[in-house]
Amino acid sequence: MEGLKLRPYAGEGDVSDIVRISNAEFKADDVPEHVELAKQIAYYRHPTDSFDPARDVTLALVDGHAVAYGSIYWVDTNDGEYREFRVDGRVDPAWRRRGIGTALLRHNEELARALAATRPTERRLAYGTWSGTTQAGDIALLERNGYEQARWFFDMTRPTLDDIAEPPMPAGLELRPVTQDTIHQIWRADIEAFRDHWGGGDDSDEALNRYIDSPGHDPSLWLIAWDGDEVAGGIINGIEREENEALGVQRGWLHSVFTRRPWRKRGLASALIGRSLKLLRERGMTSAVLGVDADNPTGALGLYEQAGFEASYRATAWRKPMERP
């Protein structure tokens with residue numbers, strides 16, 4: 001597009017444009033999400049080797065006005081097979097159908113290849129990304145550029161917080177409040193529990209600090225089950241108040257539901273889900289939402305359906321092979 005310029009992230013002054021563009025795209029595409037400025041700033045303030053905004057974020061400008069942005073980050077997948085460089089981009093709906101998304105995707109892929117060259121590995125290399133089923137433009141762009149669907153995910157919503165079952169806690173386990181002394185152990189336990197799951201994420205300690213420094217961080221909403229000195233499992237709950245206001249809902253998030261292997265198949269997750277729903281209701285919420293892998297190996301989809309959750313939005317993970325630099 002004539003007049004389009006791409007430049008690297010220049011600091012926190014760019015975050016407001018990134019948030020504005022993201023929320024405009026979500027609204028136009030009926031994606032049930034809303035990005036909070038303070039939360040995004042907290043995320044960008046903690047660069048890691050997986051994601052460093054100074055290295056990995058690009059702004060697209062026309063006449064000095066930000067009209068889109070792109071980003072990349074990389075993960076080693078839990079199956080031990082891939083190093084995946086995930087590319088993302090969003091375009092202000094007023095500037096769509098002008099080739100900006102294509103330009104950003106190609107630029108992101110160039111950044112990813114350059115980064116891959118500095119991170120040697122024996123794993124297979126791939127690009128990865130995500131789209132929601134309502135994002136027709138994103139889907140068409142990815143298909144044109146050789147991406148293929150790899151996995152499917154659901155947002156699941158419990159439309160009311162009435163009639164909540166509260167199964168008993170398994171024998172020998174107890175709930176304890178989260179403290180500064182235990183939060184790191186809980187974080188590591190959560191990461192360990194998800195080693196069996198598809199994909200992968202940033203498990204650095206600095207990634208934990210992104211959560212801690214986020215303005216909505218509230219460990220009093222977390223429910224963590226202990227077996228002596230060991231974390232057996234837990235649910236990291238949260239309330240995104242700005243998102244709720246923007247979407248006109250009063251919902252709480254079950255951000256992470258996890259049980260470590262030695263404590264599985266004992267009813268712990270069901271007991272924690274019931275208690276989480278009651279806790280969110282006590283905090284004034286009227287619905288609850290969580291995300292789940294449609295092929296979750298621990299049977300989580302059925303567990304959530306039994307707890308009253310219904311699939312409310314679907315997203316797709318995409319992949320494309322990357323040639324080794």
# chains A, B, ... in the order shown; residues from 1 in each chain; ligands from 1

$ residues_around --residues "A:Pro325" --least-positions-apart "5" --cutoff "12 Å" --atoms "only C-alpha atoms" --output "MDAnalysis selection string"
chainID A and resid 110:121 124:126

$ write_last_selection --atoms "N, CA and C atoms" --output "PDB file, in the first residue's frame"
ATOM      1  N   GLU A 110       9.561 -12.916   8.246  1.00  0.00           N
ATOM      2  CA  GLU A 110      10.974 -12.565   8.100  1.00  0.00           C
ATOM      3  C   GLU A 110      11.648 -12.408   9.467  1.00  0.00           C
ATOM      4  N   LEU A 111      10.950 -11.737  10.391  1.00  0.00           N
ATOM      5  CA  LEU A 111      11.494 -11.602  11.743  1.00  0.00           C
ATOM      6  C   LEU A 111      11.670 -12.966  12.394  1.00  0.00           C
ATOM      7  N   ALA A 112      10.688 -13.854  12.197  1.00  0.00           N
ATOM      8  CA  ALA A 112      10.751 -15.178  12.799  1.00  0.00           C
ATOM      9  C   ALA A 112      11.919 -15.983  12.242  1.00  0.00           C
ATOM     10  N   ARG A 113      12.135 -15.925  10.934  1.00  0.00           N
ATOM     11  CA  ARG A 113      13.262 -16.651  10.347  1.00  0.00           C
ATOM     12  C   ARG A 113      14.587 -16.120  10.865  1.00  0.00           C
ATOM     13  N   ALA A 114      14.692 -14.791  10.992  1.00  0.00           N
ATOM     14  CA  ALA A 114      15.923 -14.204  11.515  1.00  0.00           C
ATOM     15  C   ALA A 114      16.163 -14.626  12.960  1.00  0.00           C
ATOM     16  N   LEU A 115      15.091 -14.673  13.761  1.00  0.00           N
ATOM     17  CA  LEU A 115      15.233 -15.099  15.150  1.00  0.00           C
ATOM     18  C   LEU A 115      15.584 -16.576  15.226  1.00  0.00           C
ATOM     19  N   ALA A 116      14.980 -17.390  14.374  1.00  0.00           N
ATOM     20  CA  ALA A 116      15.281 -18.827  14.363  1.00  0.00           C
ATOM     21  C   ALA A 116      16.758 -19.076  14.086  1.00  0.00           C
ATOM     22  N   ALA A 117      17.364 -18.240  13.259  1.00  0.00           N
ATOM     23  CA  ALA A 117      18.776 -18.415  12.937  1.00  0.00           C
ATOM     24  C   ALA A 117      19.675 -18.212  14.147  1.00  0.00           C
ATOM     25  N   THR A 118      19.192 -17.475  15.141  1.00  0.00           N
ATOM     26  CA  THR A 118      19.988 -17.214  16.346  1.00  0.00           C
ATOM     27  C   THR A 118      19.637 -18.164  17.486  1.00  0.00           C
ATOM     28  N   ARG A 119      18.701 -19.088  17.259  1.00  0.00           N
ATOM     29  CA  ARG A 119      18.254 -20.033  18.279  1.00  0.00           C
ATOM     30  C   ARG A 119      18.329 -21.448  17.706  1.00  0.00           C
ATOM     31  N   PRO A 120      19.538 -21.984  17.509  1.00  0.00           N
ATOM     32  CA  PRO A 120      19.664 -23.306  16.878  1.00  0.00           C
ATOM     33  C   PRO A 120      19.019 -24.401  17.715  1.00  0.00           C
ATOM     34  N   THR A 121      18.416 -25.356  17.037  1.00  0.00           N
ATOM     35  CA  THR A 121      17.730 -26.466  17.686  1.00  0.00           C
ATOM     36  C   THR A 121      17.631 -27.629  16.719  1.00  0.00           C
ATOM     37  N   ARG A 124      11.952 -29.599  14.741  1.00  0.00           N
ATOM     38  CA  ARG A 124      11.388 -29.081  13.505  1.00  0.00           C
ATOM     39  C   ARG A 124      10.941 -27.637  13.734  1.00  0.00           C
ATOM     40  N   LEU A 125      11.038 -26.817  12.695  1.00  0.00           N
ATOM     41  CA  LEU A 125      10.662 -25.411  12.790  1.00  0.00           C
ATOM     42  C   LEU A 125       9.320 -25.187  12.099  1.00  0.00           C
ATOM     43  N   ALA A 126       8.520 -24.328  12.709  1.00  0.00           N
ATOM     44  CA  ALA A 126       7.212 -24.023  12.121  1.00  0.00           C
ATOM     45  C   ALA A 126       6.792 -22.625  12.522  1.00  0.00           C
TER      46      ALA A 126
END

$ select_by_dssp --residues "stretch 146-288 of chain A" --states "helix (DSSP H, G or I)" --output "PyMOL selection string"
chain A and resi 183-196+205-213+219-221+241-247+261-263+268-282

$ atom_distance --atom1 "atom CA of A:Asp52" --atom2 "atom CA of A:Tyr73"
7.9 Å

$ closest_atom_pairs --of "stretch 193-259 of chain A" --to "stretch 288-312 of chain A" --cutoff "8 Å" --atoms "only C-alpha atoms" --output "CSV"
residue,atom,partner,partner_atom,distance
A:Asp196,CA,A:Pro297,CA,7.5
A:His197,CA,A:Asn296,CA,6.8
A:Trp198,CA,A:Asn296,CA,7.8
A:Arg251,CA,A:Ala288,CA,4.9
A:Gly252,CA,A:Ala288,CA,4.7
A:Trp253,CA,A:Val289,CA,5.1
A:Leu254,CA,A:Leu290,CA,5.1
A:His255,CA,A:Leu290,CA,6.0
A:Ser256,CA,A:Leu290,CA,7.9

$ closest_residue --among "A:Arg266, A:Lys320, A:His107, A:Lys278" --to "A:Ala171" --atoms "only C-alpha atoms"
A:Arg266

$ closest_atom_pairs --of "stretch 91-129 of chain A" --to "stretch 145-162 of chain A" --cutoff "12 Å" --atoms "only C-alpha atoms" --output "CSV"
residue,atom,partner,partner_atom,distance
A:Gly101,CA,A:Asn145,CA,11.4
A:Thr102,CA,A:Asn145,CA,8.7
A:Ala103,CA,A:Asn145,CA,11.5
A:Leu105,CA,A:Asn145,CA,8.9
A:Arg106,CA,A:Asn145,CA,9.1
A:Glu109,CA,A:Asn145,CA,10.8
A:Ala126,CA,A:Tyr147,CA,10.0
A:Tyr127,CA,A:Tyr147,CA,8.3
A:Gly128,CA,A:Tyr147,CA,8.1
A:Thr129,CA,A:Tyr147,CA,8.7

$ write_last_selection --atoms "C-alpha atoms" --output "compact mmCIF listing (two decimals), in the first residue's frame"
# COMPACT_ATOMS: atom_id res chain seq x y z
CA GLY A 101 -2.33 -7.64 6.82
CA THR A 102 -0.38 -9.39 4.06
CA ALA A 103 2.56 -7.00 4.47
CA LEU A 105 2.39 -11.33 7.95
CA ARG A 106 5.34 -11.45 5.56
CA GLU A 109 7.73 -14.33 9.00
CA ALA A 126 7.21 -24.02 12.12
CA TYR A 127 5.23 -20.83 12.05
CA GLY A 128 2.10 -20.83 14.16
CA THR A 129 -0.83 -18.52 14.73

$ decode --residues "stretch 57-81 of chain A" --atoms "C-alpha atoms" --output "PDB file, in the first residue's frame"
ATOM      1  CA  VAL A  57       6.638  -6.042  17.766  1.00  0.00           C
ATOM      2  CA  THR A  58       6.075  -3.966  14.631  1.00  0.00           C
ATOM      3  CA  LEU A  59       3.792  -0.970  14.079  1.00  0.00           C
ATOM      4  CA  ALA A  60       2.291  -0.216  10.667  1.00  0.00           C
ATOM      5  CA  LEU A  61       1.755   3.502  10.004  1.00  0.00           C
ATOM      6  CA  VAL A  62       0.190   5.630   7.303  1.00  0.00           C
ATOM      7  CA  ASP A  63       1.067   9.321   7.478  1.00  0.00           C
ATOM      8  CA  GLY A  64       2.335   8.755  11.019  1.00  0.00           C
ATOM      9  CA  HIS A  65      -0.936   7.169  12.181  1.00  0.00           C
ATOM     10  CA  ALA A  66      -0.818   3.600  13.532  1.00  0.00           C
ATOM     11  CA  VAL A  67      -3.243   1.464  11.517  1.00  0.00           C
ATOM     12  CA  ALA A  68      -2.032  -2.054  12.395  1.00  0.00           C
ATOM     13  CA  TYR A  69       0.551  -3.966  14.353  1.00  0.00           C
ATOM     14  CA  GLY A  70       2.252  -7.345  14.265  1.00  0.00           C
ATOM     15  CA  SER A  71       4.164  -9.459  16.746  1.00  0.00           C
ATOM     16  CA  ILE A  72       6.018 -12.747  17.057  1.00  0.00           C
ATOM     17  CA  TYR A  73       7.089 -15.018  19.884  1.00  0.00           C
ATOM     18  CA  TRP A  74       8.516 -18.526  20.032  1.00  0.00           C
ATOM     19  CA  VAL A  75       7.919 -21.654  22.112  1.00  0.00           C
ATOM     20  CA  ASP A  76       9.211 -25.198  22.275  1.00  0.00           C
ATOM     21  CA  THR A  77       6.121 -27.388  22.070  1.00  0.00           C
ATOM     22  CA  ASN A  78       5.358 -29.872  24.802  1.00  0.00           C
ATOM     23  CA  ASP A  79       5.526 -32.851  22.445  1.00  0.00           C
ATOM     24  CA  GLY A  80       9.256 -32.271  21.975  1.00  0.00           C
ATOM     25  CA  GLU A  81       8.819 -32.046  18.198  1.00  0.00           C
TER      26      GLU A  81
END
